[in-house]
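The file coords_34.csv comes next; it holds CSV, C-alpha atoms.
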```csv
chain,number,residue,atom,x,y,z
K,1,MET,CA,7.2,-0.5,-12.9
K,2,LEU,CA,9.5,-2.0,-15.5
K,3,VAL,CA,11.7,-4.7,-14.1
K,4,GLN,CA,15.3,-3.6,-13.5
K,5,ARG,CA,18.4,-5.4,-12.1
K,6,ALA,CA,19.6,-4.2,-8.8
K,7,ALA,CA,23.0,-3.2,-10.2
K,8,THR,CA,21.4,-0.7,-12.6
K,9,TRP,CA,18.8,0.7,-10.2
K,10,SER,CA,20.5,4.0,-9.6
K,11,PHE,CA,20.5,5.1,-13.2
K,12,VAL,CA,17.0,3.6,-13.9
K,13,MET,CA,15.3,5.2,-10.9
K,14,THR,CA,16.7,8.6,-11.7
K,15,SER,CA,15.7,8.4,-15.4
K,16,LEU,CA,12.2,7.2,-14.8
K,17,VAL,CA,11.4,9.6,-12.0
K,18,CYS,CA,12.8,12.5,-13.9
K,19,ALA,CA,10.6,11.6,-16.9
K,20,LEU,CA,7.5,11.5,-14.6
K,21,LEU,CA,8.2,14.5,-12.5
K,22,SER,CA,10.4,16.8,-14.7
K,23,GLY,CA,13.0,19.1,-13.5
K,24,CYS,CA,15.4,16.6,-11.9
K,25,THR,CA,19.0,17.6,-11.7
K,26,GLY,CA,22.3,15.8,-11.0
K,27,ASP,CA,24.2,13.0,-12.6
K,28,GLY,CA,21.9,10.2,-11.6
K,29,ASP,CA,24.1,8.7,-8.9
K,30,SER,CA,21.7,7.8,-6.1
K,31,GLY,CA,24.1,5.5,-4.2
K,32,ALA,CA,22.3,3.0,-2.0
K,33,ALA,CA,18.8,4.3,-2.7
K,34,PRO,CA,16.0,2.0,-1.6
K,35,THR,CA,14.9,-0.4,-4.3
K,36,SER,CA,11.8,0.3,-6.4
K,37,THR,CA,10.5,-0.4,-9.9
K,38,VAL,CA,8.5,2.4,-11.6
K,39,SER,CA,7.3,3.4,-15.0
K,40,GLU,CA,4.8,5.9,-16.2
K,41,THR,CA,2.7,4.0,-18.7
K,42,PRO,CA,2.2,0.3,-19.1
K,43,THR,CA,3.1,-1.6,-22.3
K,44,PRO,CA,0.4,-3.8,-23.8
K,45,THR,CA,2.0,-6.9,-22.2
K,46,GLU,CA,1.7,-5.4,-18.8
K,47,ARG,CA,-2.1,-5.5,-18.9
K,48,PRO,CA,-3.6,-8.9,-18.1
K,49,SER,CA,-6.2,-10.2,-20.5
K,50,HIS,CA,-8.6,-11.8,-18.0
K,51,THR,CA,-10.2,-8.5,-16.8
K,52,SER,CA,-10.2,-4.9,-17.9
K,53,LYS,CA,-6.7,-3.8,-16.8
K,54,SER,CA,-7.2,-5.7,-13.5
K,55,PRO,CA,-4.6,-8.0,-12.1
K,56,ARG,CA,-7.2,-9.9,-10.0
K,57,PRO,CA,-8.2,-13.5,-10.9
K,58,SER,CA,-11.4,-13.7,-12.8
K,59,SER,CA,-13.0,-15.7,-10.0
K,60,SER,CA,-12.7,-15.5,-6.3
K,61,PRO,CA,-14.1,-17.4,-3.4
K,62,THR,CA,-17.2,-16.0,-1.8
K,63,ALA,CA,-16.9,-14.0,1.4
K,64,GLU,CA,-18.7,-15.3,4.5
K,65,LYS,CA,-20.9,-13.1,6.5
K,66,ILE,CA,-19.1,-12.3,9.8
K,67,PRO,CA,-19.2,-9.2,12.0
K,68,ARG,CA,-16.5,-6.4,11.9
K,69,VAL,CA,-14.7,-7.9,14.9
K,70,PHE,CA,-11.1,-9.0,14.9
K,71,ASP,CA,-10.9,-12.6,15.8
K,72,PRO,CA,-8.1,-15.0,14.8
K,73,LYS,CA,-10.7,-17.7,14.4
K,74,ASN,CA,-12.0,-15.9,11.4
K,75,PHE,CA,-8.8,-16.1,9.4
K,76,ASP,CA,-7.7,-18.8,6.9
K,77,PRO,CA,-4.1,-19.9,7.8
K,78,GLN,CA,-3.3,-19.6,4.1
K,79,GLY,CA,-4.8,-16.2,3.8
K,80,SER,CA,-7.9,-14.9,2.0
K,81,ASP,CA,-8.5,-12.7,-1.1
K,82,VAL,CA,-12.2,-12.1,-1.3
K,83,ASN,CA,-12.5,-8.3,-0.9
K,84,GLN,CA,-12.5,-7.1,-4.5
K,85,TRP,CA,-11.5,-3.5,-3.6
K,86,VAL,CA,-8.4,-4.5,-1.8
K,87,PRO,CA,-6.4,-7.0,-3.9
K,88,MET,CA,-4.1,-9.2,-1.7
K,89,THR,CA,-2.4,-11.1,-4.6
K,90,PRO,CA,1.4,-11.0,-4.3
K,91,GLY,CA,3.0,-9.1,-7.2
K,92,VAL,CA,0.2,-6.6,-7.8
K,93,GLN,CA,1.7,-3.1,-7.9
K,94,ILE,CA,0.0,0.3,-8.5
K,95,VAL,CA,1.5,3.7,-9.0
K,96,ARG,CA,-0.3,7.0,-8.1
K,97,LYS,CA,1.0,10.4,-9.1
K,98,GLY,CA,0.1,13.7,-7.5
K,99,GLU,CA,1.3,16.6,-5.4
K,100,VAL,CA,2.0,17.2,-1.7
K,101,THR,CA,2.6,20.4,0.2
K,102,ILE,CA,6.1,20.5,1.7
K,103,GLY,CA,7.5,23.7,3.3
K,104,GLY,CA,4.7,25.8,1.9
K,105,ARG,CA,5.2,24.7,-1.7
K,106,ARG,CA,3.6,22.1,-3.9
K,107,VAL,CA,6.0,19.2,-4.7
K,108,PRO,CA,5.4,16.4,-7.3
K,109,HIS,CA,4.8,13.2,-5.5
K,110,LEU,CA,4.7,9.5,-6.4
K,111,THR,CA,3.4,6.6,-4.4
K,112,VAL,CA,4.3,3.0,-5.4
K,113,THR,CA,2.3,0.3,-3.6
K,114,THR,CA,3.3,-3.4,-3.9
K,115,ILE,CA,1.7,-6.5,-2.5
K,116,THR,CA,4.7,-8.7,-1.6
K,117,ASP,CA,4.9,-12.4,-1.0
K,118,VAL,CA,6.3,-11.8,2.5
K,119,THR,CA,4.3,-12.6,5.6
K,120,LYS,CA,4.5,-12.2,9.3
K,121,LYS,CA,2.5,-13.7,12.1
K,122,ILE,CA,1.0,-10.9,14.3
K,123,ASP,CA,-1.4,-11.3,17.2
K,124,GLY,CA,-2.0,-14.9,16.1
K,125,VAL,CA,-2.8,-14.0,12.5
K,126,ARG,CA,-0.8,-14.4,9.2
K,127,SER,CA,-0.3,-10.9,7.7
K,128,VAL,CA,0.9,-9.8,4.3
K,129,LEU,CA,3.5,-7.2,4.0
K,130,VAL,CA,2.6,-4.3,1.7
K,131,LEU,CA,5.3,-1.9,0.6
K,132,ASP,CA,4.5,1.8,0.1
K,133,GLN,CA,7.3,3.9,-1.4
K,134,ASP,CA,6.9,7.7,-1.5
K,135,ILE,CA,9.0,9.6,-4.0
K,136,ASP,CA,9.0,13.4,-3.6
K,137,ALA,CA,10.9,15.8,-5.8
K,138,GLY,CA,12.6,12.8,-7.6
K,139,GLN,CA,13.9,11.0,-4.4
K,140,VAL,CA,12.6,8.2,-2.2
K,141,SER,CA,11.6,10.1,0.9
K,142,GLU,CA,9.8,7.3,2.8
K,143,GLN,CA,9.3,3.6,2.7
K,144,ALA,CA,6.5,2.1,4.8
K,145,VAL,CA,5.5,-1.5,5.5
K,146,ASP,CA,1.8,-2.1,6.2
K,147,TYR,CA,0.9,-5.4,7.8
K,148,LEU,CA,-2.5,-6.4,6.5
K,149,ALA,CA,-4.6,-9.5,6.9
K,150,GLU,CA,-8.0,-10.4,5.4
K,151,ASP,CA,-10.5,-12.6,7.2
K,152,ILE,CA,-12.9,-14.9,5.5
K,153,GLY,CA,-15.6,-12.2,5.5
K,154,GLY,CA,-13.5,-9.9,3.4
K,155,ASN,CA,-12.6,-7.5,6.2
K,156,VAL,CA,-9.1,-6.3,5.7
K,157,TRP,CA,-7.3,-5.7,9.0
K,158,TYR,CA,-4.4,-3.4,9.8
K,159,LEU,CA,-2.1,-5.3,12.1
K,160,GLY,CA,0.9,-3.0,12.1
K,161,SER,CA,3.1,-0.5,10.4
K,162,TYR,CA,6.7,0.6,10.1
K,163,THR,CA,8.0,3.6,8.2
K,164,GLU,CA,11.6,4.8,7.4
K,165,ALA,CA,12.3,8.4,6.3
K,166,TYR,CA,15.3,9.3,4.1
K,167,SER,CA,17.2,12.4,3.0
K,168,GLY,CA,18.8,11.6,-0.3
K,169,ASP,CA,20.2,8.1,0.2
K,170,GLN,CA,20.6,8.4,4.0
K,171,PHE,CA,18.3,6.8,6.6
K,172,LEU,CA,17.0,9.6,8.9
K,173,ASN,CA,14.7,7.9,11.4
K,174,ALA,CA,12.0,5.3,12.0
K,175,GLN,CA,8.4,6.4,12.4
K,176,ASP,CA,4.9,5.1,12.9
K,177,ALA,CA,6.1,1.8,14.4
K,178,TRP,CA,3.4,-0.4,16.0
K,179,LEU,CA,2.1,-4.0,16.0
K,180,ALA,CA,-1.2,-5.3,17.1
K,181,GLY,CA,-1.0,-7.1,20.4
K,182,VAL,CA,2.2,-5.1,21.4
K,183,ALA,CA,2.1,-2.3,24.0
K,184,GLY,CA,-1.7,-2.1,24.0
K,185,ALA,CA,-2.0,-1.6,20.2
K,186,ASN,CA,-5.1,-3.2,18.6
K,187,ALA,CA,-5.8,-4.4,15.1
K,188,GLY,CA,-7.6,-1.7,13.1
K,189,LEU,CA,-10.2,-2.3,10.3
K,190,TRP,CA,-8.4,-1.2,7.1
K,191,PHE,CA,-11.4,-1.8,4.8
K,192,PRO,CA,-14.7,-3.6,5.6
K,193,GLY,CA,-15.9,-6.6,3.7
K,194,ASP,CA,-19.4,-5.2,3.6
K,195,PRO,CA,-19.0,-1.5,2.5
K,196,VAL,CA,-22.4,0.1,2.9
K,197,PRO,CA,-22.8,3.9,2.7
K,198,GLY,CA,-23.8,5.5,6.0
K,199,SER,CA,-22.7,2.5,8.1
K,200,ALA,CA,-20.9,3.1,11.3
K,201,PRO,CA,-17.4,4.6,11.2
K,202,PHE,CA,-14.6,2.1,11.8
K,203,ILE,CA,-11.3,2.6,13.6
K,204,GLN,CA,-8.3,2.0,11.2
K,205,VAL,CA,-5.5,2.8,13.7
K,206,GLN,CA,-5.6,2.8,17.5
K,207,VAL,CA,-2.2,3.0,19.2
K,208,PRO,CA,-2.1,4.0,22.9
K,209,GLY,CA,-0.2,7.3,23.2
K,210,GLY,CA,0.1,7.5,19.4
K,211,GLU,CA,-2.1,7.7,16.3
K,212,THR,CA,-5.8,7.1,16.2
K,213,SER,CA,-7.8,7.4,13.0
K,214,SER,CA,-11.2,6.5,11.8
K,215,ALA,CA,-12.9,6.1,8.4
K,216,GLN,CA,-16.4,5.7,7.0
K,217,ILE,CA,-17.9,4.5,3.8
K,218,ALA,CA,-19.2,7.6,2.1
K,219,GLU,CA,-20.4,6.3,-1.3
K,220,THR,CA,-20.6,3.0,-3.3
K,221,GLY,CA,-21.3,2.1,-6.9
K,222,GLN,CA,-19.5,5.2,-8.3
K,223,LYS,CA,-17.8,5.7,-11.6
K,224,GLN,CA,-14.5,7.4,-11.5
K,225,CYS,CA,-11.9,8.3,-14.1
K,226,VAL,CA,-8.2,8.7,-13.5
K,227,PRO,CA,-5.3,9.0,-16.0
K,228,PHE,CA,-4.9,5.2,-16.1
K,229,ASP,CA,-8.5,4.3,-16.9
K,230,CYS,CA,-12.2,4.7,-15.9
K,231,PHE,CA,-13.6,2.4,-13.3
K,232,LYS,CA,-17.1,1.3,-12.1
K,233,ASP,CA,-18.3,0.1,-8.7
K,234,VAL,CA,-15.9,2.5,-7.0
K,235,ILE,CA,-16.1,2.8,-3.2
K,236,VAL,CA,-15.5,6.3,-1.7
K,237,VAL,CA,-14.1,6.3,1.9
K,238,LEU,CA,-13.9,9.3,4.1
K,239,GLU,CA,-10.8,9.1,6.2
K,240,GLY,CA,-10.3,11.2,9.3
K,241,GLY,CA,-12.9,13.7,8.1
K,242,SER,CA,-10.1,15.3,6.0
K,243,GLU,CA,-9.9,13.4,2.7
K,244,HIS,CA,-11.7,11.0,0.3
K,245,LYS,CA,-10.0,7.9,-1.0
K,246,TYR,CA,-11.5,6.1,-4.0
K,247,TRP,CA,-11.1,2.3,-4.3
K,248,ALA,CA,-11.7,0.4,-7.5
K,249,PRO,CA,-12.5,-3.3,-7.9
K,250,GLY,CA,-9.4,-5.4,-8.8
K,251,VAL,CA,-7.0,-2.5,-8.3
K,252,GLY,CA,-7.3,-0.8,-4.9
K,253,GLN,CA,-6.9,2.9,-4.2
K,254,ILE,CA,-7.0,5.0,-7.4
K,255,LEU,CA,-7.6,8.5,-6.1
K,256,THR,CA,-7.0,10.7,-3.1
K,257,GLU,CA,-8.9,14.0,-2.8
K,258,PRO,CA,-8.2,16.3,0.2
K,259,LEU,CA,-11.0,18.0,2.0
K,260,SER,CA,-9.0,19.9,4.6
K,261,GLY,CA,-5.7,20.0,6.4
K,262,GLU,CA,-2.2,21.3,5.8
K,263,ALA,CA,-0.6,18.6,3.6
K,264,GLN,CA,-3.4,18.7,0.9
K,265,GLU,CA,-2.0,15.6,-0.7
K,266,THR,CA,-3.6,14.6,-4.0
K,267,GLU,CA,-3.0,11.4,-6.0
K,268,GLU,CA,-4.3,9.7,-9.1
K,269,LEU,CA,-3.6,6.2,-10.4
K,270,ILE,CA,-1.2,6.2,-13.4
K,271,ASN,CA,-0.2,2.6,-13.6
K,272,VAL,CA,-1.1,-0.9,-12.4
K,273,LYS,CA,0.5,-4.3,-13.3
K,274,GLU,CA,1.6,-7.7,-12.1
K,275,LEU,CA,5.3,-7.8,-11.4
K,276,SER,CA,7.6,-10.4,-12.9
K,277,PRO,CA,9.0,-13.0,-10.5
K,278,SER,CA,12.4,-11.2,-10.4
K,279,ALA,CA,10.8,-7.8,-9.7
K,280,LEU,CA,8.7,-9.2,-6.9
K,281,ALA,CA,11.7,-11.0,-5.4
K,282,GLU,CA,13.6,-7.6,-5.4
K,283,LEU,CA,10.9,-5.8,-3.5
K,284,SER,CA,10.2,-8.7,-1.2
K,285,ALA,CA,13.8,-8.5,-0.2
K,286,GLU,CA,13.3,-4.8,0.5
K,287,VAL,CA,10.5,-5.4,2.9
K,288,LEU,CA,12.4,-8.2,4.6
K,289,LYS,CA,15.2,-5.8,5.2
K,290,LEU,CA,12.8,-3.2,6.6
K,291,ASP,CA,11.2,-5.6,8.9
K,292,HIS,CA,14.6,-6.8,10.1
K,293,HIS,CA,15.8,-3.2,10.6
K,294,ALA,CA,12.7,-2.4,12.7
K,295,ALA,CA,13.9,-4.9,15.3
K,296,SER,CA,17.0,-2.6,15.9
K,297,THR,CA,15.4,0.8,15.4
K,298,VAL,CA,12.3,0.2,17.4
K,299,PRO,CA,13.1,-2.8,19.7
K,300,SER,CA,10.3,-2.1,22.1
K,301,VAL,CA,7.8,-3.0,19.3
K,302,PHE,CA,9.6,-5.3,16.9
K,303,ALA,CA,12.5,-7.1,18.8
K,304,ARG,CA,10.3,-9.9,20.1
K,305,SER,CA,8.0,-10.2,17.1
K,306,ASN,CA,7.9,-13.1,14.7
K,307,PRO,CA,10.4,-12.6,11.9
K,308,ALA,CA,8.9,-11.9,8.5
K,309,VAL,CA,9.4,-14.7,5.9
K,310,ARG,CA,9.0,-14.9,2.2
K,311,GLU,CA,6.5,-17.5,0.9
K,312,ARG,CA,7.6,-19.0,-2.4
```

For the file at hand, write its structure as structure tokens.
Amino acid sequence: MLVQRAATWSFVMTSLVCALLSGCTGDGDSGAAPTSTVSETPTPTERPSHTSKSPRPSSSPTAEKIPRVFDPKNFDPQGSDVNQWVPMTPGVQIVRKGEVTIGGRRVPHLTVTTITDVTKKIDGVRSVLVLDQDIDAGQVSEQAVDYLAEDIGGNVWYLGSYTEAYSGDQFLNAQDAWLAGVAGANAGLWFPGDPVPGSAPFIQVQVPGGETSSAQIAETGQKQCVPFDCFKDVIVVLEGGSEHKYWAPGVGQILTEPLSGEAQETEELINVKELSPSALAELSAEVLKLDHHAASTVPSVFARSNPAVRER
């Protein structure tokens, strides 16, 4: 996650990913590869001093008690950041390293998640655009934009998604494109503000004729160690009955453990930091480009949506 200028991105990306994943070949010329900023281990200046390796502010407003029901009236027009397990502060970036099964073989895998300062109004609510970049076998294979919004009760809602797949440097196709309030799609509950073990499952995604997935809080108050650090008060979420995801206060998702299924994706947190203004601007420009491209690749969903804008 070291900051790099766009002009040197090709060389830097190849060098850093090869160092992380090993076994890369080629001369490092990635052409017009999607923008990313990745490093394996943080320098001492990359760790904020106000909390233990956590980019969250030391104090946050208190969440109000509201039901797990999506209602535009429950959202602050300026946004909320009261759910300690899902940081919504622009510039927070985490990197998870693991493996995924592709074509019957295990392939090294990186996921870089960045909270940008880009927003988009969806179904009457201001959402924040979160960029997920998947790097498989040394190349960016997918970029996804998740449109998230947190209500005053700390419930984080999933208001849309858009994913682009690549082969090398070339765009292949658009996938997983939906927005709440469009074509019958509804907002899903990404993460509840009141995570209680054994509470009722919640729907994360519900798209007519498309994906439907649910999750449930499995455990709370756990201690979990990953390569980056050990964390307390970790929440364990069972997603789709096939995997556990671990969420740490002030950081977000730190671990993925598969229970069943073909992909058997595993991930562990290896880095977390706050991006510099120039690095954040670079990745915010990337999500603006993706949101704009969605209007042409999936016009039935995005053509009439509000344009994404960068808040400065």

All residues 6 Å or closer to Lys120 in chain K, all atoms listed in the file, same chain fewer than 2 positions away omitted, as a list in words:
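Contacts, with the query itself left out: Arg126, Ser127 and Ala308 of chain K.
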
Selection above as a file: C-alpha atoms, as an mmCIF file, in the frame of the given file:
```
data_model
loop_
_atom_site.group_PDB
_atom_site.id
_atom_site.type_symbol
_atom_site.label_atom_id
_atom_site.label_comp_id
_atom_site.auth_asym_id
_atom_site.auth_seq_id
_atom_site.Cartn_x
_atom_site.Cartn_y
_atom_site.Cartn_z
ATOM 1 C CA ARG K 126 -0.800 -14.400 9.200
ATOM 2 C CA SER K 127 -0.300 -10.900 7.700
ATOM 3 C CA ALA K 308 8.900 -11.900 8.500
#
```

Show me, as a ChimeraX atom specification, the residues that have an atom within 6 Å of Val100 in chain K when counting all atoms listed in the file, minus same-chain residues fewer than 4 positions from it.
/K:106-107,265

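Nearest-residue note for Ala144 in chain K: choosing from K:Arg105, K:Val128, K:Asp229, K:Asp176, the minimum distance belongs to K:Asp176, counting only C-alpha atoms.
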
Option closest in space to Leu280 in chain K, from K:Val95, K:Val118, K:Val86, K:Ala215 [counting only C-alpha atoms]
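Once distances to Leu280 in chain K are computed over only C-alpha atoms, the minimum belongs to K:Val118.
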
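Here CA of Val196 in chain K stands at a distance of 16.0 Å from CA of Lys232 in chain K.
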
For each of K:Gln143, K:Thr113, K:Gln84, K:Thr119, take the minimum atom-to-atom distance to Ile270 in chain K, counting only C-alpha atoms, then give the residue where this is smallest.
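Checking each of K:Gln143, K:Thr113, K:Gln84, K:Thr119 against Ile270 in chain K, counting only C-alpha atoms, the winner is K:Thr113.
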